[in-house]
file protein24.cif (mmCIF, C-alpha atoms and all ligand atoms)
data_protein
#
loop_
_atom_site.label_atom_id
_atom_site.label_comp_id
_atom_site.auth_asym_id
_atom_site.auth_seq_id
_atom_site.Cartn_x
_atom_site.Cartn_y
_atom_site.Cartn_z
CA MET A 1 -100.77 5.26 6.26
CA GLU A 2 -97.88 7.33 4.92
CA THR A 3 -95.85 5.58 2.20
CA TYR A 4 -92.22 5.99 1.17
CA GLN A 5 -89.73 5.01 -1.52
CA ILE A 6 -86.28 3.64 -0.79
CA ILE A 7 -83.28 4.50 -2.97
CA PRO A 8 -80.04 2.55 -2.45
CA VAL A 9 -76.97 4.75 -2.88
CA ASN A 10 -73.59 3.14 -3.66
CA VAL A 11 -70.82 4.99 -1.84
CA GLY A 12 -67.88 2.68 -2.51
CA ASP A 13 -67.03 -0.99 -2.90
CA PHE A 14 -64.94 -3.39 -0.87
CA LEU A 15 -62.65 -4.86 -3.49
CA SER A 16 -62.21 -8.25 -1.92
CA MET A 17 -64.93 -9.14 0.57
CA GLU A 18 -64.52 -12.55 2.19
CA LYS A 19 -67.97 -14.02 1.64
CA SER A 20 -67.99 -16.10 4.83
CA ASN A 21 -67.73 -12.85 6.79
CA LEU A 22 -71.28 -12.20 5.60
CA THR A 23 -72.65 -15.74 5.40
CA TYR A 24 -71.62 -17.67 8.50
CA GLY A 25 -69.10 -20.36 7.58
CA LEU A 26 -70.32 -20.61 3.99
CA ASP A 27 -68.09 -20.30 0.90
CA ALA A 28 -64.92 -19.62 2.90
CA GLY A 29 -62.20 -18.30 0.62
CA HIS A 30 -64.60 -16.86 -1.92
CA LYS A 31 -63.96 -13.13 -2.45
CA PHE A 32 -66.23 -10.68 -4.23
CA VAL A 33 -66.77 -6.97 -4.77
CA ALA A 34 -69.22 -5.80 -2.11
CA PRO A 35 -70.91 -2.40 -2.18
CA ILE A 36 -71.03 0.04 0.71
CA ILE A 37 -74.61 1.27 0.84
CA MET A 38 -76.53 4.25 2.19
CA TYR A 39 -80.30 3.97 1.91
CA LEU A 40 -82.28 7.12 1.19
CA VAL A 41 -85.90 6.96 2.33
CA LYS A 42 -88.13 9.51 0.59
CA GLY A 43 -91.59 10.52 1.71
CA LYS A 44 -93.94 13.28 0.62
CA ASP A 45 -91.97 15.88 2.56
CA LYS A 46 -89.42 13.84 4.49
CA LEU A 47 -85.93 12.58 3.70
CA ILE A 48 -84.28 10.03 5.93
CA LEU A 49 -80.79 8.73 5.38
CA VAL A 50 -80.07 5.26 6.70
CA ASP A 51 -76.33 4.91 7.33
CA THR A 52 -73.63 7.25 6.08
CA GLY A 53 -70.99 5.01 4.51
CA ALA A 54 -67.29 4.39 5.09
CA GLY A 55 -64.06 6.38 5.04
CA ASP A 56 -62.28 7.05 1.76
CA GLU A 57 -59.87 4.81 -0.16
CA GLU A 58 -56.82 5.93 1.75
CA TRP A 59 -58.47 5.44 5.14
CA ALA A 60 -59.89 2.06 4.22
CA ALA A 61 -56.56 0.77 2.91
CA LYS A 62 -54.69 2.00 5.97
CA TYR A 63 -56.97 0.68 8.71
CA HIS A 64 -59.29 -1.86 7.12
CA HIS A 65 -59.50 -3.42 3.65
CA PRO A 66 -59.00 -1.72 0.31
CA ILE A 67 -62.06 -0.10 -1.19
CA ARG A 68 -62.71 1.60 -4.48
CA GLN A 69 -64.49 4.93 -4.27
CA SER A 70 -64.86 7.03 -7.41
CA GLU A 71 -65.62 10.77 -7.26
CA ARG A 72 -69.22 9.91 -8.08
CA GLN A 73 -69.37 7.52 -5.15
CA LYS A 74 -68.33 10.08 -2.54
CA PRO A 75 -71.42 10.37 -0.32
CA ILE A 76 -72.21 14.02 -1.12
CA ASN A 77 -71.80 13.49 -4.88
CA ALA A 78 -73.76 10.26 -4.84
CA LEU A 79 -76.65 11.98 -3.08
CA LYS A 80 -76.53 14.94 -5.46
CA GLU A 81 -76.95 12.48 -8.29
CA VAL A 82 -80.32 11.52 -6.84
CA GLY A 83 -81.22 15.16 -6.31
CA VAL A 84 -80.48 15.48 -2.61
CA ASP A 85 -78.35 18.08 -0.88
CA PRO A 86 -76.74 17.09 2.47
CA GLU A 87 -78.48 20.06 4.10
CA ASP A 88 -81.84 18.54 3.11
CA ILE A 89 -81.29 15.54 5.36
CA GLU A 90 -83.10 16.11 8.64
CA ILE A 91 -82.87 12.57 9.94
CA VAL A 92 -79.98 10.11 9.87
CA VAL A 93 -80.37 6.61 11.25
CA ASN A 94 -77.28 4.55 12.00
CA THR A 95 -78.26 0.90 11.89
CA HIS A 96 -75.13 0.22 13.94
CA LEU A 97 -71.80 1.89 14.59
CA HIS A 98 -69.42 -0.19 12.50
CA TRP A 99 -67.16 2.29 10.69
CA ASP A 100 -68.59 1.58 7.23
CA HIS A 101 -72.10 2.58 8.37
CA CYS A 102 -71.53 5.77 10.36
CA PHE A 103 -68.23 7.26 9.17
CA ASN A 104 -69.78 10.30 7.47
CA ASN A 105 -72.38 11.43 10.01
CA ALA A 106 -70.62 14.80 10.22
CA LEU A 107 -71.42 15.49 6.56
CA PHE A 108 -75.08 16.02 7.43
CA PRO A 109 -74.99 19.06 9.71
CA LYS A 110 -78.74 19.60 9.99
CA ALA A 111 -79.61 16.02 10.82
CA LYS A 112 -80.65 14.51 14.09
CA ILE A 113 -78.96 11.12 14.29
CA TYR A 114 -80.80 8.10 15.70
CA VAL A 115 -78.72 5.33 17.27
CA GLN A 116 -79.62 2.67 19.82
CA LYS A 117 -78.18 3.51 23.25
CA LYS A 118 -77.01 -0.09 23.61
CA GLU A 119 -74.99 0.24 20.41
CA MET A 120 -73.28 3.40 21.65
CA GLU A 121 -72.36 1.70 24.89
CA TYR A 122 -70.91 -1.31 23.12
CA ALA A 123 -69.09 0.79 20.52
CA ILE A 124 -67.11 2.49 23.29
CA ASN A 125 -65.94 -0.78 24.78
CA PRO A 126 -66.38 -3.68 22.38
CA LEU A 127 -64.89 -7.15 22.56
CA PRO A 128 -61.31 -7.15 21.25
CA CYS A 129 -62.23 -9.01 18.06
CA HIS A 130 -64.59 -6.13 17.23
CA TYR A 131 -62.22 -3.23 17.97
CA VAL A 132 -61.38 -2.61 14.36
CA TYR A 133 -65.00 -2.50 13.17
CA TYR A 134 -65.71 0.25 15.69
CA GLU A 135 -62.38 2.05 15.11
CA SER A 136 -61.89 1.77 18.82
CA TYR A 137 -59.69 3.83 21.11
CA HIS A 138 -58.20 0.52 22.21
CA ILE A 139 -56.29 0.29 18.93
CA GLY A 140 -55.42 3.96 18.71
CA LEU A 141 -58.30 5.02 16.46
CA TYR A 142 -61.11 7.52 16.98
CA PRO A 143 -64.72 6.48 16.35
CA GLN A 144 -65.95 9.01 13.79
CA TRP A 145 -69.54 9.06 15.07
CA LEU A 146 -68.29 10.79 18.22
CA LYS A 147 -67.66 13.91 16.13
CA SER A 148 -71.44 14.42 15.91
CA LEU A 149 -72.29 13.19 19.38
CA ASP A 150 -74.23 16.39 20.19
CA ARG A 151 -76.73 15.57 17.45
CA ILE A 152 -77.29 11.96 18.43
CA GLN A 153 -80.63 10.87 19.79
CA ALA A 154 -80.05 7.72 21.82
CA VAL A 155 -82.93 5.30 21.28
CA GLU A 156 -83.92 2.56 23.71
CA GLY A 157 -85.79 -0.22 21.95
CA ASP A 158 -88.33 -0.05 19.12
CA LEU A 159 -89.47 3.43 18.16
CA ASN A 160 -92.13 4.80 15.84
CA LEU A 161 -89.95 7.43 14.14
CA LEU A 162 -92.53 8.89 11.76
CA PRO A 163 -95.92 7.76 10.46
CA GLY A 164 -95.00 4.68 8.39
CA ILE A 165 -91.42 4.41 9.65
CA ASP A 166 -90.28 2.41 12.66
CA LEU A 167 -86.89 1.72 14.15
CA VAL A 168 -86.79 -1.90 15.24
CA THR A 169 -84.11 -3.62 17.29
CA ILE A 170 -82.55 -6.56 15.46
CA PRO A 171 -79.58 -7.54 17.65
CA GLY A 172 -77.12 -10.28 16.73
CA HIS A 173 -74.61 -8.80 14.32
CA THR A 174 -74.07 -6.17 17.03
CA PRO A 175 -75.79 -5.71 20.43
CA GLY A 176 -77.60 -2.49 19.51
CA MET A 177 -78.32 -3.19 15.87
CA GLN A 178 -81.51 -1.58 14.55
CA GLY A 179 -83.38 -1.94 11.29
CA VAL A 180 -85.64 0.60 9.65
CA LEU A 181 -89.12 -0.66 8.82
CA VAL A 182 -90.60 1.36 5.99
CA ASN A 183 -94.19 1.37 4.79
CA THR A 184 -94.44 1.40 0.98
CA ASN A 185 -97.17 0.98 -1.63
CA ASP A 186 -96.06 -2.63 -1.91
CA GLY A 187 -95.84 -3.56 1.78
CA LYS A 188 -93.29 -3.29 4.56
CA TYR A 189 -89.59 -3.15 3.70
CA LEU A 190 -87.04 -3.75 6.41
CA ILE A 191 -83.70 -2.07 5.83
CA ALA A 192 -81.82 -4.77 7.69
CA SER A 193 -78.28 -3.57 7.00
CA ASP A 194 -75.59 -6.01 8.17
CA CYS A 195 -78.06 -8.21 10.02
CA LEU A 196 -78.36 -9.56 6.48
CA GLY A 197 -75.11 -8.97 4.63
CA MET A 198 -76.74 -10.43 1.52
CA PHE A 199 -80.21 -11.47 0.35
CA GLU A 200 -78.91 -15.03 0.78
CA ASN A 201 -78.81 -14.54 4.57
CA TRP A 202 -82.58 -14.15 4.52
CA GLU A 203 -83.37 -16.65 1.77
CA GLY A 204 -81.30 -19.39 3.41
CA ASN A 205 -80.48 -22.67 1.71
CA GLN A 206 -81.44 -26.35 1.88
CA MET A 207 -80.06 -26.66 5.39
CA TYR A 208 -80.74 -23.32 6.98
CA ARG A 209 -83.88 -21.20 6.94
CA HIS A 210 -81.81 -18.07 7.54
CA ILE A 211 -78.06 -17.50 7.77
CA PRO A 212 -76.39 -15.19 10.31
CA SER A 213 -73.43 -13.03 9.50
CA GLY A 214 -69.96 -14.46 10.12
CA ILE A 215 -69.34 -11.30 12.14
CA HIS A 216 -71.62 -11.27 15.16
CA TYR A 217 -71.97 -10.55 18.83
CA SER A 218 -74.67 -13.03 19.85
CA LEU A 219 -76.04 -15.96 17.88
CA PRO A 220 -78.93 -16.67 20.31
CA GLU A 221 -80.07 -13.08 19.89
CA TYR A 222 -79.54 -13.35 16.14
CA TYR A 223 -82.01 -16.24 15.85
CA LYS A 224 -84.60 -14.38 17.95
CA THR A 225 -84.13 -11.46 15.57
CA PHE A 226 -84.89 -13.73 12.59
CA ASP A 227 -88.17 -14.78 14.30
CA LYS A 228 -89.06 -11.13 14.89
CA MET A 229 -88.29 -10.18 11.29
CA GLU A 230 -90.53 -12.93 9.93
CA LYS A 231 -93.44 -11.34 11.77
CA ILE A 232 -92.90 -7.71 10.85
CA CYS A 233 -91.70 -7.36 7.26
CA ASP A 234 -92.65 -8.35 3.72
CA PHE A 235 -89.28 -7.56 2.10
CA VAL A 236 -85.71 -7.06 3.27
CA LEU A 237 -82.82 -4.92 2.09
CA PRO A 238 -79.33 -6.17 3.01
CA GLY A 239 -76.08 -4.42 3.95
CA HIS A 240 -73.55 -5.39 1.26
CA ASP A 241 -75.21 -7.28 -1.60
CA PRO A 242 -74.47 -6.14 -5.17
CA LYS A 243 -77.96 -7.37 -6.12
CA VAL A 244 -79.45 -4.43 -4.23
CA PHE A 245 -78.54 -2.29 -7.26
CA PHE A 246 -80.48 -4.44 -9.70
CA LYS A 247 -83.22 -1.92 -8.89
CA LYS A 248 -82.83 1.84 -8.65
CA VAL A 249 -85.72 2.27 -6.26
CA TYR A 250 -87.87 0.13 -3.96
CA PRO A 251 -90.63 -0.73 -4.52
CA GLY A 252 -89.82 -0.85 -8.20
ZN ZN B 1 -71.52 -4.25 10.45
#
call {"tool": "encode", "arguments": {"input": "protein24.cif", "output": "structure tokens"}}
result
Amino acid sequence: METYQIIPVNVGDFLSMEKSNLTYGLDAGHKFVAPIIMYLVKGKDKLILVDTGAGDEEWAAKYHHPIRQSERQKPINALKEVGVDPEDIEIVVNTHLHWDHCFNNALFPKAKIYVQKKEMEYAINPLPCHYVYYESYHIGLYPQWLKSLDRIQAVEGDLNLLPGIDLVTIPGHTPGMQGVLVNTNDGKYLIASDCLGMFENWEGNQMYRHIPSGIHYSLPEYYKTFDKMEKICDFVLPGHDPKVFFKKVYPG
């Protein structure tokens, strides 16, 4: 079967991430610098970009939490550093439609964008406590993914995207959350995005086998997702863990 490599691309950092937002109820009050990550999946002749990062420093400070984003970390520059031009990207996958995962879809004009239909529906009318994550109309904002609506392919359920790459539904953090299951020389990697904010969510601790995010839509669905993940993947890649950058490429 076709194999791929996965390159994590750092496109900014939340300066003061509340850890319990990522690890349900654990380490409340502990703040850390959390990266915003796009994952580039490279095949023989295919380039897939998983998520497109957040808004810039000014935007983040105004509507969300302060981030740091150097010139090098701007999505286009960060991709250039790994030898990729935005025009080369034919496929974008949004794991979900939280602002820090889909803000820059418009920067990839040639790409078809894959999003779960369920996620689009929820993003338009989320629960009030989730308005800000979706930059909802309800609070006077405009969801940036709508700018590229004409290029979105709405997906319903699991989908074999390409030989060796599957989109898999992993609801819990959001209703239409999807992961990207990638075949590599070393086994199957699941780009799990915010389903696992950190590796710790998957590794668990003495009490819990796995740990959901503090930000979630459905905990019952979340635990079914954990069961599904155990069956389908060998390795996971999380949404906001600095440890992701201990390696430049996966497998590696
Ligand atoms: Zn999220």
call {"tool": "atom_distance", "arguments": {"input": "protein24.cif", "atom1": "CA of Ser16 in chain A", "atom2": "CA of Ala34 in chain A"}}
result
7.4 Å
call {"tool": "residues_near_ligand", "arguments": {"input": "protein24.cif", "ligand": "ligand ZN 1 (chain B)", "cutoff": "9 Å", "atoms": "all atoms listed in the file", "output": "PyMOL selection string"}}
result
chain A and resi 95-101+133+173-174+177+193-195+197+215-216+239
call {"tool": "residues_around", "arguments": {"input": "protein24.cif", "residues": "His64 in chain A", "least_positions_apart": "6", "cutoff": "12 Å", "atoms": "all atoms listed in the file", "output": "list in words"}}
result
Phe14, Leu15, Ser16, Met17, Ala54, Gly55, Asp56, Glu57, Glu58, His98, Trp99, Asp100, Tyr131, Val132, Tyr133, Tyr134, Glu135 and Leu141 of chain A
call {"tool": "residues_around", "arguments": {"input": "protein24.cif", "residues": "range 219-235 of chain A", "least_positions_apart": "4", "cutoff": "7 Å", "atoms": "only C-alpha atoms", "output": "list in words"}}
result
Ile170, Pro171, Gly172, His173, Gly187, Lys188, Tyr189, Leu190 and Pro212 of chain A
call {"tool": "atom_distance", "arguments": {"input": "protein24.cif", "atom1": "CA of Met198 in chain A", "atom2": "CA of Tyr122 in chain A"}}
result
24.2 Å
call {"tool": "atom_distance", "arguments": {"input": "protein24.cif", "atom1": "CA of Asn104 in chain A", "atom2": "CA of Gly53 in chain A"}}
result
6.2 Å
call {"tool": "residues_near_point", "arguments": {"input": "protein24.cif", "point": "(-85.1, 0.2, 13.2)", "cutoff": "8 Å", "atoms": "only C-alpha atoms", "output": "PyMOL selection string"}}
result
chain A and resi 95+158-159+166-170+178-181+191
call {"tool": "residues_near_point", "arguments": {"input": "protein24.cif", "point": "(-62.9, -13.3, 4.2)", "cutoff": "7 Å", "atoms": "only C-alpha atoms", "output": "NGL selection string"}}
result
:A and (17-21 or 28-29 or 31)
call {"tool": "residues_around", "arguments": {"input": "protein24.cif", "residues": "Pro109 in chain A", "least_positions_apart": "3", "cutoff": "9 Å", "atoms": "only C-alpha atoms", "output": "ChimeraX atom specification"}}
result
/A:86-87,89-90,105-106,112,148,151
call {"tool": "residues_around", "arguments": {"input": "protein24.cif", "residues": "Pro242 in chain A", "least_positions_apart": "6", "cutoff": "10 Å", "atoms": "only C-alpha atoms", "output": "ChimeraX atom specification"}}
result
/A:10,13,32-37,198-199
call {"tool": "closest_residue", "arguments": {"input": "protein24.cif", "among": "A:Lys248, A:Lys147, A:Lys110, A:Lys74", "to": "Ile48 in chain A", "atoms": "all atoms listed in the file"}}
result
A:Lys110
call {"tool": "closest_residue", "arguments": {"input": "protein24.cif", "among": "A:Pro238, A:Gly214, A:Gly176, A:Pro251", "to": "Asn94 in chain A", "atoms": "only C-alpha atoms"}}
result
A:Gly176
call {"tool": "build_atoms", "arguments": {"input": "protein24.cif", "residues": "range 17-35 of chain A", "atoms": "N, CA, C and O atoms", "output": "PDB file, keeping the file's coordinate frame"}}
result
ATOM      1  N   MET A  17     -64.179  -8.731  -0.635  1.00  0.00           N
ATOM      2  CA  MET A  17     -64.930  -9.140   0.570  1.00  0.00           C
ATOM      3  C   MET A  17     -64.890 -10.657   0.712  1.00  0.00           C
ATOM      4  O   MET A  17     -65.205 -11.395  -0.227  1.00  0.00           O
ATOM      5  N   GLU A  18     -64.483 -11.113   1.876  1.00  0.00           N
ATOM      6  CA  GLU A  18     -64.520 -12.550   2.190  1.00  0.00           C
ATOM      7  C   GLU A  18     -65.986 -12.925   2.442  1.00  0.00           C
ATOM      8  O   GLU A  18     -66.610 -12.435   3.373  1.00  0.00           O
ATOM      9  N   LYS A  19     -66.523 -13.778   1.574  1.00  0.00           N
ATOM     10  CA  LYS A  19     -67.970 -14.020   1.640  1.00  0.00           C
ATOM     11  C   LYS A  19     -68.416 -14.604   2.983  1.00  0.00           C
ATOM     12  O   LYS A  19     -69.482 -14.268   3.497  1.00  0.00           O
ATOM     13  N   SER A  20     -67.570 -15.473   3.570  1.00  0.00           N
ATOM     14  CA  SER A  20     -67.990 -16.100   4.830  1.00  0.00           C
ATOM     15  C   SER A  20     -68.068 -15.090   5.982  1.00  0.00           C
ATOM     16  O   SER A  20     -68.659 -15.383   7.020  1.00  0.00           O
ATOM     17  N   ASN A  21     -67.515 -13.901   5.787  1.00  0.00           N
ATOM     18  CA  ASN A  21     -67.730 -12.850   6.790  1.00  0.00           C
ATOM     19  C   ASN A  21     -69.196 -12.430   6.813  1.00  0.00           C
ATOM     20  O   ASN A  21     -69.689 -11.939   7.820  1.00  0.00           O
ATOM     21  N   LEU A  22     -69.865 -12.594   5.691  1.00  0.00           N
ATOM     22  CA  LEU A  22     -71.280 -12.200   5.600  1.00  0.00           C
ATOM     23  C   LEU A  22     -72.207 -13.391   5.808  1.00  0.00           C
ATOM     24  O   LEU A  22     -73.293 -13.245   6.370  1.00  0.00           O
ATOM     25  N   THR A  23     -71.804 -14.547   5.298  1.00  0.00           N
ATOM     26  CA  THR A  23     -72.650 -15.740   5.400  1.00  0.00           C
ATOM     27  C   THR A  23     -71.906 -16.779   6.230  1.00  0.00           C
ATOM     28  O   THR A  23     -71.013 -17.456   5.736  1.00  0.00           O
ATOM     29  N   TYR A  24     -72.288 -16.868   7.485  1.00  0.00           N
ATOM     30  CA  TYR A  24     -71.620 -17.670   8.500  1.00  0.00           C
ATOM     31  C   TYR A  24     -71.066 -19.012   7.977  1.00  0.00           C
ATOM     32  O   TYR A  24     -71.833 -19.919   7.649  1.00  0.00           O
ATOM     33  N   GLY A  25     -69.759 -19.089   7.907  1.00  0.00           N
ATOM     34  CA  GLY A  25     -69.100 -20.360   7.580  1.00  0.00           C
ATOM     35  C   GLY A  25     -69.292 -20.842   6.149  1.00  0.00           C
ATOM     36  O   GLY A  25     -68.752 -21.882   5.778  1.00  0.00           O
ATOM     37  N   LEU A  26     -70.037 -20.121   5.342  1.00  0.00           N
ATOM     38  CA  LEU A  26     -70.320 -20.610   3.990  1.00  0.00           C
ATOM     39  C   LEU A  26     -69.390 -19.968   2.963  1.00  0.00           C
ATOM     40  O   LEU A  26     -69.117 -18.776   3.025  1.00  0.00           O
ATOM     41  N   ASP A  27     -68.917 -20.790   2.027  1.00  0.00           N
ATOM     42  CA  ASP A  27     -68.090 -20.300   0.900  1.00  0.00           C
ATOM     43  C   ASP A  27     -66.805 -19.620   1.371  1.00  0.00           C
ATOM     44  O   ASP A  27     -66.390 -18.602   0.802  1.00  0.00           O
ATOM     45  N   ALA A  28     -66.176 -20.185   2.405  1.00  0.00           N
ATOM     46  CA  ALA A  28     -64.920 -19.620   2.900  1.00  0.00           C
ATOM     47  C   ALA A  28     -63.908 -19.568   1.756  1.00  0.00           C
ATOM     48  O   ALA A  28     -63.799 -20.501   0.960  1.00  0.00           O
ATOM     49  N   GLY A  29     -63.216 -18.460   1.668  1.00  0.00           N
ATOM     50  CA  GLY A  29     -62.200 -18.300   0.620  1.00  0.00           C
ATOM     51  C   GLY A  29     -62.718 -17.604  -0.622  1.00  0.00           C
ATOM     52  O   GLY A  29     -61.945 -17.122  -1.434  1.00  0.00           O
ATOM     53  N   HIS A  30     -64.038 -17.531  -0.747  1.00  0.00           N
ATOM     54  CA  HIS A  30     -64.600 -16.860  -1.920  1.00  0.00           C
ATOM     55  C   HIS A  30     -64.618 -15.346  -1.677  1.00  0.00           C
ATOM     56  O   HIS A  30     -65.148 -14.877  -0.671  1.00  0.00           O
ATOM     57  N   LYS A  31     -64.010 -14.595  -2.593  1.00  0.00           N
ATOM     58  CA  LYS A  31     -63.960 -13.130  -2.450  1.00  0.00           C
ATOM     59  C   LYS A  31     -64.828 -12.495  -3.549  1.00  0.00           C
ATOM     60  O   LYS A  31     -64.880 -13.010  -4.669  1.00  0.00           O
ATOM     61  N   PHE A  32     -65.439 -11.382  -3.220  1.00  0.00           N
ATOM     62  CA  PHE A  32     -66.230 -10.680  -4.230  1.00  0.00           C
ATOM     63  C   PHE A  32     -66.241  -9.182  -3.941  1.00  0.00           C
ATOM     64  O   PHE A  32     -65.826  -8.745  -2.867  1.00  0.00           O
ATOM     65  N   VAL A  33     -66.687  -8.425  -4.922  1.00  0.00           N
ATOM     66  CA  VAL A  33     -66.770  -6.970  -4.770  1.00  0.00           C
ATOM     67  C   VAL A  33     -68.097  -6.637  -4.097  1.00  0.00           C
ATOM     68  O   VAL A  33     -69.165  -6.943  -4.630  1.00  0.00           O
ATOM     69  N   ALA A  34     -68.007  -6.032  -2.910  1.00  0.00           N
ATOM     70  CA  ALA A  34     -69.220  -5.800  -2.110  1.00  0.00           C
ATOM     71  C   ALA A  34     -69.455  -4.304  -1.926  1.00  0.00           C
ATOM     72  O   ALA A  34     -68.574  -3.581  -1.461  1.00  0.00           O
ATOM     73  N   PRO A  35     -70.640  -3.838  -2.286  1.00  0.00           N
ATOM     74  CA  PRO A  35     -70.910  -2.400  -2.180  1.00  0.00           C
ATOM     75  C   PRO A  35     -71.061  -1.926  -0.740  1.00  0.00           C
ATOM     76  O   PRO A  35     -71.477  -2.682   0.135  1.00  0.00           O
TER      77      PRO A  35
END
